[in-house]
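Chemist: Before we start, here is the structure in question, set down as structure tokens.
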Amino acid sequence: MLDMTSLQPDRLLPADPGTRDVARRLYAATAGLPIISPHGHVPAEWLAQDTPFSDPTSLLLSPDHYIFRLLHAQGVPLADLGVGGTQIDEAGSRPAWRLFCQNWPAFRGTASKFWMESVLAEVFGIEQQPSAETADLIYDQIAAALTTPQFRPRALTERFGISVLATTDDPVDSLEHHRTLAADPTVATRVAPTFRPDRYLEAARPDFSELAKSLGVAADIDTSTYAGYLAALEDRRRFFKANGGVSTDHSHADVVTLTLERNEADRIYRAALTGDASEAEATAFRRHMLVEMARMATEDGLVMTLHPGSLRNHHTPTFDRFGPDTGHDIPIGVEFTRGLHHLLGRFGTTDGFQLVLFTLDETVFSREIAPLAGFYPSVYAGAPWWFLDAPEAVRRYRGAVTETAGFYRTSGFIDDTRAFLSIPARHDMSRRLDAAYLAQLVTEHRLTEEEAHETAVDLVTSIPSKAFKL
Amino acid sequence: MLDMTSLQPDRLLPADPGTRDVARRLYAATAGLPIISPHGHVPAEWLAQDTPFSDPTSLLLSPDHYIFRLLHAQGVPLADLGVGGTQIDEAGSRPAWRLFCQNWPAFRGTASKFWMESVLAEVFGIEQQPSAETADLIYDQIAAALTTPQFRPRALTERFGISVLATTDDPVDSLEHHRTLAADPTVATRVAPTFRPDRYLEAARPDFSELAKSLGVAADIDTSTYAGYLAALEDRRRFFKANGGVSTDHSHADVVTLTLERNEADRIYRAALTGDASEAEATAFRRHMLVEMARMATEDGLVMTLHPGSLRNHHTPTFDRFGPDTGHDIPIGVEFTRGLHHLLGRFGTTDGFQLVLFTLDETVFSREIAPLAGFYPSVYAGAPWWFLDAPEAVRRYRGAVTETAGFYRTSGFIDDTRAFLSIPARHDMSRRLDAAYLAQLVTEHRLTEEEAHETAVDLVTSIPSKAFKL
Amino acid sequence: MLDMTSLQPDRLLPADPGTRDVARRLYAATAGLPIISPHGHVPAEWLAQDTPFSDPTSLLLSPDHYIFRLLHAQGVPLADLGVGGTQIDEAGSRPAWRLFCQNWPAFRGTASKFWMESVLAEVFGIEQQPSAETADLIYDQIAAALTTPQFRPRALTERFGISVLATTDDPVDSLEHHRTLAADPTVATRVAPTFRPDRYLEAARPDFSELAKSLGVAADIDTSTYAGYLAALEDRRRFFKANGGVSTDHSHADVVTLTLERNEADRIYRAALTGDASEAEATAFRRHMLVEMARMATEDGLVMTLHPGSLRNHHTPTFDRFGPDTGHDIPIGVEFTRGLHHLLGRFGTTDGFQLVLFTLDETVFSREIAPLAGFYPSVYAGAPWWFLDAPEAVRRYRGAVTETAGFYRTSGFIDDTRAFLSIPARHDMSRRLDAAYLAQLVTEHRLTEEEAHETAVDLVTSIPSKAFKL
């Protein structure tokens with residue numbers, strides 16, 4: 001039987017003994033601080049209703065695209081894992097868990113291994129690594145825990161020490177769960193909605209006119225005109241802000257920005273309502289609307305975050321069967337310098353405007369994002385995201401961004417996860433990696449330990465608070 | 001006189017003493033295992049005919065483009081090195097060797113230095129570094145060895161412990177040497193041909209109609225129609241498979257894929273036969289044919305490998321005088337996510353289809369290749385190749401690929417070399433580097449040593465065997 | 001109060017004790033050698049006139065775009081820092097310095113922190129880190145020093161041990177200051193002008209005809225024809241060479257090269273003189289002129305250096321108010337393999353032609369620059385530049401370039417700075433980082449210490465001397 005590496009106190013700290021000593025001290029200063037999670041995908045409903053989790057698979061595998069995508073690559077059918085709304089019942093849950101445990105070696109070297117081991121060991125007290133032999137034992141132990149009150153969502157949130165938890169929400173969402181949580185004095189965590197309008201800005205979608213209509217209903221504004229559409233978006237942003245929202249999030253293929261003539265925007269919008277906007281027109285409209293979102297941000301003060309550069313639903317047969325977010329969104333190259341030229345020309349130095357840039361294309365860290373964040377007071381270099389949220393990628397991010405933009409032009413960590421139980425493990429990984437990076441700067445006499453200590457604490461307190469206006 | 005660093009037992013292992021200890025143990029587990037070389041360029045003829053090598057220069061310099069290209073950059077004319085079929089005789093061999101030895105400092109920090117030192121020290125027992133002073137001595141020692149039976153190709157193959165050696169072959173090749181080797185019970189090495197049809201798929205080549213004709217002759221099928229051309233390709237693939245082939249290899253400027261209407265493919269093919277296909281038509285046809293190759297792979301089971309992104313023959317005057325493969329193929333950026341969208345949409349989850357992706361553009365390791373290999377059961381992340389087959393580049397590859405795709409979605413090492421004597425050194429380097437990488441994961445408590453040990457062995461046994469269906 | 005890390009003798013050397021020992025010895029071999037600065041932006045006038053520096057801000061902040069850009073990102077208005085010719089007087093200098101000191105934590109992890117600490121500690125003997133508390137004390141200490149003869153430009157140049165200092169100059173510059181310096185036997189430093197013709201090659205500029213005219217005046221050649229324009233450029237290059245120039249420098253958005261028909265070049269030139277050249281024509285003309293510059297280089301022997309890939313003046317409102325070089329030139333992707341295909345096809349192996357390639361886009365280090373420098377005798381891989389001239393970026397450069405091109409196809413360090421006082425710190429950083437890199441190669445047994453020692457010395461002596469024909 002293998003050890004659980006997650007039980008090692010020095011995990012992820014540098015091998016060199018002198019550097020490790022420094023890193024230990026830096027990590028100790030942040031390990032116990034509350035978790036600020038300013039961008040993620042946990043449903044507010046879980047916390048509002050505090051429903052018990054049903055079974056190990058639907059809690060730990062089915063919602064975690066990092067896990068099920070690699071199992072799929074190993075030959076496991078997605079349907080066997082309850083992915084994409086395929087129903088998995090009690091009878092299906094245990095076999096799915098066994099498939100996962102048998103394929104555990106596939107995760108060696110991945111961040112998922114670290115997170116899952118942390119969840120098993122620290123949340124559930126499990127001491128064995130997953131394997132064909134241990135699968136049932138682990139399954140039973142988790143399943144038993146899930147029936148107890150300590151493993152309900154609110155109890156876990158409290159145990160995890162989450163002080164802020166941002167969700168991601170549709171612009172027409174009623175935010176009723178957020179209001180339930182805000183109204184409940186027993187909930188210590190601030191649960192903030194995030195305005196995510198992607199599909200409402202994509203004028204060539206077959207359902208665009210319905211989306212525009214639903215926006216109008218939600219805002220109680222007639223959206224049959226472009227002016228009404230803008231007003232409805234502004235209204236819904238205000239509604240989000242009034243219900244605790246601090247940011248809007250945008251994830252399109254690119255971040256090219258431009259401003260259309262009012263007449264032209266109006267014309268395309270009307271064409272879109274009748275399904276007559278061409279792909280080229282819709283692309284221009286979306287790029288224009290990104291600038292409109294920035295303009296609205298300068299008015300309502302919501303922080304704008306960009307997560308571009310993923311080619312969504314790469315494998316059409318899988319999409320047709322399982323829907324979106326089923327593990328085959330694949331990154332593409334992305335350009336920020338040229339793309340944001342127009343937007344930043346208009347709002348780059350506007351008071352109160354804040355723009356956080358995330359990327360799946362590492363080449364822009366040193367080439368574009370750090371130089372932009374190192375000049376524009378509005379721009380923040382977002383933490384490494386998705387495929388890049390892993391020990392070495394985080395190290396590369398720090399190595400690429402810090403020398404040009406320092407630490408104080410960055411966003412602080414975001415976990416961006418649907419895997420609720422992995423939130424503490426993800427933040428813990430980030431804190432360990434920052435301690436490791438800072439320790440190296442200390443050992444190489446680029447920072448004093450005092451400076452490093454202050455920076456380590458800032459990275460999990462004032463830095464995310466400033467970037468996300470918390 | 002300088003030491004030979006190649007005689008250091010710990011070479012390439014990490015500096016940190018604790019990590020080095022772990023790496024030593026991991027390396028010890030793989031150092032003696034047989035060599036699987038599933039992609040390379042050694043001529044089967046050498047082994048079949050077991051002809052003695054003639055002289056140090058034509059064995060070690062003239063065929064090794066890593067060596068002669070850097071000498072050329074240092075100002076040494078290619079003609080003085082016997083490159084590209086320029087004749088070099090006994091009289092020219094020794095001066096060429098002296099030029100190489102005088103320029104030895106130019107190789108500091110390169111992988112070629114490691115390989116050459118290993119060849120000199122471990123194959124020939126030479127203990128001095130090359131220099132103006134040692135040139136003749138080393139030359140004489142090698143020349144003397146080459147006259148002995150122990151230095152003939154078959155004896156060396158046996159001494160090197162090569163269990164599988166793939167060659168790269170023209171589709172019309174008779175594979176007579178492969179058959180000779182297969183029929184000889186004294187040859188323990190499996191010598192597998194690789195089907196490399198690049199030029200037969202490029203419809204704008206001036207010699208396309210001759211190539212198509214020769215394909216027809218080889219297959220005994222009339223290739224004056226597109227249908228015949230496809231049938232001839234299918235036939236030759238089967239012929240390769242029947243003679244031990246396991247894979248096809250494709251190296252074009254990009255990996256864009258598309259499927260033409262049958263009529264359109266037919267029309268372009270006919271135009272190409274009369275030299276009337278335009279560049280644009282030929283490009284579309286080649287992209288279409290890449291998909292046809294994948295389709296054939298789903299039928300005959302040959303593994304498909306892609307080596308794109310090199311701008312061949314960058315310096316036209318050198319090409320005109322010395323021909324292709326003379327050191328000035330220069331990489332360009334390449335895209336896999338968009339390029340393979342069509343191909344993987346058709347065959348990405350087809351049973352038995354396997355696609356190995358290599359690149360000279362490191363930016364796609366974390367951004368495109370690892371995410372593709374981490375979802376599609378058919379896709380394998382190919383080992384670092386050519387300019388990237390060197391200690392730090394390999395380290396970057398592991399750092400970029402592993403966190404998303406793990407170890408078990410990779411191809412295992414390929415040496416891709418024409419430099420026969422360097423094969424053991426190249427595999428040895430790879431094993432040392434994998435031991436170093438795994439040791440770091442152990443020291444940082446991301447893997448247990450037991451897991452690392454198992455992975456190190458898998459990387460040189462089951463992993464290449466699976467990726468190449470050996 | 002914090003320590004000054006710049007007083008640590010081992011700063012920037014590797015943490016591992018064994019590797020650090022080797023690095024210390026290698027660094028000791030180069031630490032005291034004279035400084036060769038073959039590319040930079042210090043005005044020759046400073047040295048020729050030996051004018052005392054006026055105050056801390058206009059010496060250390062206003063000309064240093066690394067410093068003022070990050071202060072701007074922190075919210076400090078550029079006008080408060082005396083940037084871009086905004087006047088800052090005695091009354092403004094001290095408040096500006098205070099703003100800088102208060103924002104000192106913003107520089108943690110940047111190269112600027114290292115350089116500034118070195119300047120403060122080693123040039124001025126200051127022992128405290130900048131902070132709100134120490135701002136006035138440090139200001140007074142610097143201001144006092146600047147009134148003494150030891151802090152005048154010539155004295156500092158001598159103290160810094162600068163043997164060669166290249167400036168960057170307009171083609172019509174009289175080079176009077178260079179001649180003053182050359183004629184003065186008390187000046188030991190060789191101050192070489194660099195021919196920087198960018199704007200004279202950009203035919204769509206509104207001031208192109210004036211520029212062409214001024215070129216004609218300087219050369220005393222009629223530039224109303226394309227032939228005259230070429231002749232005038234040739235003449236000015238010869239003038240630069242006659243006054244000690246060794247290189248020409250070119251910084252455009254890309255490095256695409258092509259040769260226009262003579263008629264076409266002539267036609268575009270004439271159109272440009274009347275303001276009638278289109279953007280497309282002007283781009284073609286500039287790409288053509290880059291090849292003409294190479295052609296002239298094969299005749300006059302000046303080394304050609306390329307610094308492409310920056311989108312100049314990204315924030316138009318800042319440009320409108322403060323002019324160019326005010327911190328918002330932002331890098332973009334750049335391609336060398338395809339771009340230089342034409343130029344190198346013509347001159348890549350021409351005797352005496354030398355082309356040094358710099359980049360802000362790291363992706364081309366391993367993919368394009370190292371392969372080009374590893375084949376073409378004319379091509380040198382330029383040192384990491386601007387945003388990449390920092391400890392980790394330099395490490396990545398060595399890691400990406402060395403394995404393909406070695407050390408002897410590189411340019412040696414350039415400081416490229418307007419921040420005169422930081423020159424020793426920048427070269428010191430480079431020497432420490434090279435020692436660190438070489439030490440790792442030694443510890444991993446890729447080089448002997450003897451080889452590493454020789455290479456370390458070559459990197460600051462023969463290597464830049466060869467690349468820049470000094």
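In the structure tokens, chains take letters A, B, ... by order of appearance, with residues numbered from 1 within each chain and ligands from 1 in the order shown.
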Using only C-alpha atoms and a cut-off of 8 Å, which residues of chain B sit close to chain A? Please list them as a PDB file with C-alpha atoms, in the first residue's frame.
Modeler:
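out-v5.pdb, written as the output of this step:
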ATOM      1  CA  ASP B  16      20.360  18.932  -4.666  1.00  0.00           C
ATOM      2  CA  GLY B  18      18.604  14.614  -1.450  1.00  0.00           C
ATOM      3  CA  THR B  19      16.937  14.750  -4.837  1.00  0.00           C
ATOM      4  CA  GLU B 335      -1.559  25.060 -34.121  1.00  0.00           C
ATOM      5  CA  THR B 337      -6.405  22.644 -31.505  1.00  0.00           C
ATOM      6  CA  ARG B 338      -7.953  24.209 -34.559  1.00  0.00           C
ATOM      7  CA  HIS B 341     -10.607  19.839 -34.967  1.00  0.00           C
ATOM      8  CA  LEU B 344     -10.594  14.395 -34.232  1.00  0.00           C
ATOM      9  CA  GLY B 345     -14.263  15.152 -34.736  1.00  0.00           C
ATOM     10  CA  GLY B 348     -10.978  11.085 -32.069  1.00  0.00           C
ATOM     11  CA  THR B 363       4.010  26.815 -26.854  1.00  0.00           C
ATOM     12  CA  SER B 366       0.652  23.030 -22.249  1.00  0.00           C
ATOM     13  CA  ARG B 367      -1.818  24.903 -24.399  1.00  0.00           C
ATOM     14  CA  GLU B 368      -2.902  22.327 -26.958  1.00  0.00           C
ATOM     15  CA  PRO B 371      -5.284  19.179 -23.194  1.00  0.00           C
ATOM     16  CA  LEU B 372      -5.962  17.114 -26.337  1.00  0.00           C
ATOM     17  CA  ALA B 373      -4.116  14.061 -24.960  1.00  0.00           C
ATOM     18  CA  GLY B 374      -5.947  14.569 -21.667  1.00  0.00           C
ATOM     19  CA  PHE B 375      -9.340  14.095 -23.266  1.00  0.00           C
ATOM     20  CA  TYR B 376      -9.096  12.054 -26.477  1.00  0.00           C
ATOM     21  CA  PRO B 377      -8.355   8.358 -25.938  1.00  0.00           C
ATOM     22  CA  SER B 378      -6.671   8.370 -29.356  1.00  0.00           C
ATOM     23  CA  GLY B 399       6.725  20.461 -16.744  1.00  0.00           C
ATOM     24  CA  ALA B 400       4.255  21.590 -19.394  1.00  0.00           C
ATOM     25  CA  THR B 402       2.466  16.218 -17.087  1.00  0.00           C
ATOM     26  CA  GLU B 403       0.221  18.402 -14.971  1.00  0.00           C
ATOM     27  CA  THR B 404      -2.569  18.157 -17.527  1.00  0.00           C
ATOM     28  CA  ALA B 405      -2.003  14.793 -19.200  1.00  0.00           C
ATOM     29  CA  GLY B 406       0.054  12.818 -16.664  1.00  0.00           C
ATOM     30  CA  PHE B 407       2.647  10.287 -17.847  1.00  0.00           C
ATOM     31  CA  TYR B 408       0.334   7.695 -19.304  1.00  0.00           C
ATOM     32  CA  ARG B 409      -0.954   9.818 -22.181  1.00  0.00           C
ATOM     33  CA  GLN B 440      11.775  16.087  -7.886  1.00  0.00           C
ATOM     34  CA  LEU B 441       8.142  14.997  -7.664  1.00  0.00           C
ATOM     35  CA  THR B 443      11.167  15.210  -2.983  1.00  0.00           C
ATOM     36  CA  GLU B 444       8.287  17.645  -3.205  1.00  0.00           C
ATOM     37  CA  HIS B 445       5.936  14.897  -2.038  1.00  0.00           C
ATOM     38  CA  ARG B 446       3.885  14.869  -5.182  1.00  0.00           C
ATOM     39  CA  LEU B 447       4.642  11.175  -5.761  1.00  0.00           C
ATOM     40  CA  THR B 448       5.832   8.437  -3.471  1.00  0.00           C
ATOM     41  CA  GLU B 450       7.230   3.646  -5.169  1.00  0.00           C
ATOM     42  CA  GLU B 451       4.959   5.427  -7.642  1.00  0.00           C
TER      43      GLU B 451
END
Chemist: If we count only C-alpha atoms and set the cut-off at 9 Å, which residues sit around His342 in chain B, ignoring sequence neighbours fewer than 4 positions away in its own chain? Please answer as a list in words.
Modeler: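 The neighbour list is His315 of chain A; Val256, Thr257, Leu258, Thr259, Val291, Arg338, Arg346 and Phe347 of chain B.
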Chemist: Within 6 Å of range 155-175 of chain A, which residues of range 10-123 of chain A show up? Give each one with its shortest atom-to-atom distance in Å (one decimal) and the two atoms involved, counting only C-alpha atoms, rows by chain then rising residue number, as a Markdown table.
Modeler:
| residue | atom | partner | partner_atom | distance |
| --- | --- | --- | --- | --- |
| A:Pro34 | CA | A:Gly161 | CA | 5.1 |
| A:Ile35 | CA | A:Ile162 | CA | 4.5 |
| A:Ile36 | CA | A:Val164 | CA | 4.8 |
| A:Ser37 | CA | A:Leu165 | CA | 4.9 |
| A:Pro38 | CA | A:Ala166 | CA | 4.9 |
| A:His39 | CA | A:Ala166 | CA | 5.2 |
| A:Gly40 | CA | A:Thr167 | CA | 5.3 |
| A:His41 | CA | A:Thr167 | CA | 5.2 |
| A:Val42 | CA | A:Thr167 | CA | 5.9 |
Chemist: DSSP on the backbone: which residues in range 77-312 of chain B end up as strand (DSSP E or B)? Give the answer as a VMD selection string.
Modeler: chain B and resid 162 to 166 169 190 to 192 194 to 195 247 to 250 303 to 306 310 to 311
Chemist: Within 12 Å of Thr86 in chain C, counting only C-alpha atoms, which residues qualify if same-chain residues fewer than 2 places away don't, as a list in words?
Modeler: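 Everything that qualifies: Ser58, Ser62, Pro63, Pro77, Leu78, Ala79, Asp80, Leu81, Gly82, Val83, Gly84, Ile88, Asp89, Gly92, Ser93, Arg321, Phe322, Gly323 and Thr326 of chain C.
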Chemist: Write the selection just made, keeping C-alpha atoms, as a PDB file, in the first residue's frame?
Modeler:
ATOM      1  CA  SER C  58      15.575  63.550 -12.999  1.00  0.00           C
ATOM      2  CA  SER C  62      12.292  60.393 -15.027  1.00  0.00           C
ATOM      3  CA  PRO C  63      14.486  58.610 -17.607  1.00  0.00           C
ATOM      4  CA  PRO C  77       0.510  60.316 -12.470  1.00  0.00           C
ATOM      5  CA  LEU C  78       3.395  60.491 -14.939  1.00  0.00           C
ATOM      6  CA  ALA C  79       3.411  64.286 -14.676  1.00  0.00           C
ATOM      7  CA  ASP C  80       4.378  63.986 -11.012  1.00  0.00           C
ATOM      8  CA  LEU C  81       7.512  62.094 -12.020  1.00  0.00           C
ATOM      9  CA  GLY C  82       8.866  64.438 -14.669  1.00  0.00           C
ATOM     10  CA  VAL C  83       8.242  61.954 -17.436  1.00  0.00           C
ATOM     11  CA  GLY C  84       8.265  62.728 -21.151  1.00  0.00           C
ATOM     12  CA  ILE C  88      10.123  68.890 -12.897  1.00  0.00           C
ATOM     13  CA  ASP C  89      11.981  71.446 -10.817  1.00  0.00           C
ATOM     14  CA  GLY C  92       8.850  68.750  -7.747  1.00  0.00           C
ATOM     15  CA  SER C  93      11.839  66.484  -7.406  1.00  0.00           C
ATOM     16  CA  ARG C 321       0.207  64.247 -23.577  1.00  0.00           C
ATOM     17  CA  PHE C 322       3.659  62.843 -22.834  1.00  0.00           C
ATOM     18  CA  GLY C 323       5.042  61.697 -26.171  1.00  0.00           C
ATOM     19  CA  THR C 326       6.612  56.824 -21.779  1.00  0.00           C
TER      20      THR C 326
END
Chemist: Interatomic distance between CA of Leu215 in chain C and CA of Thr51 in chain C?
Modeler: 29.5 Å
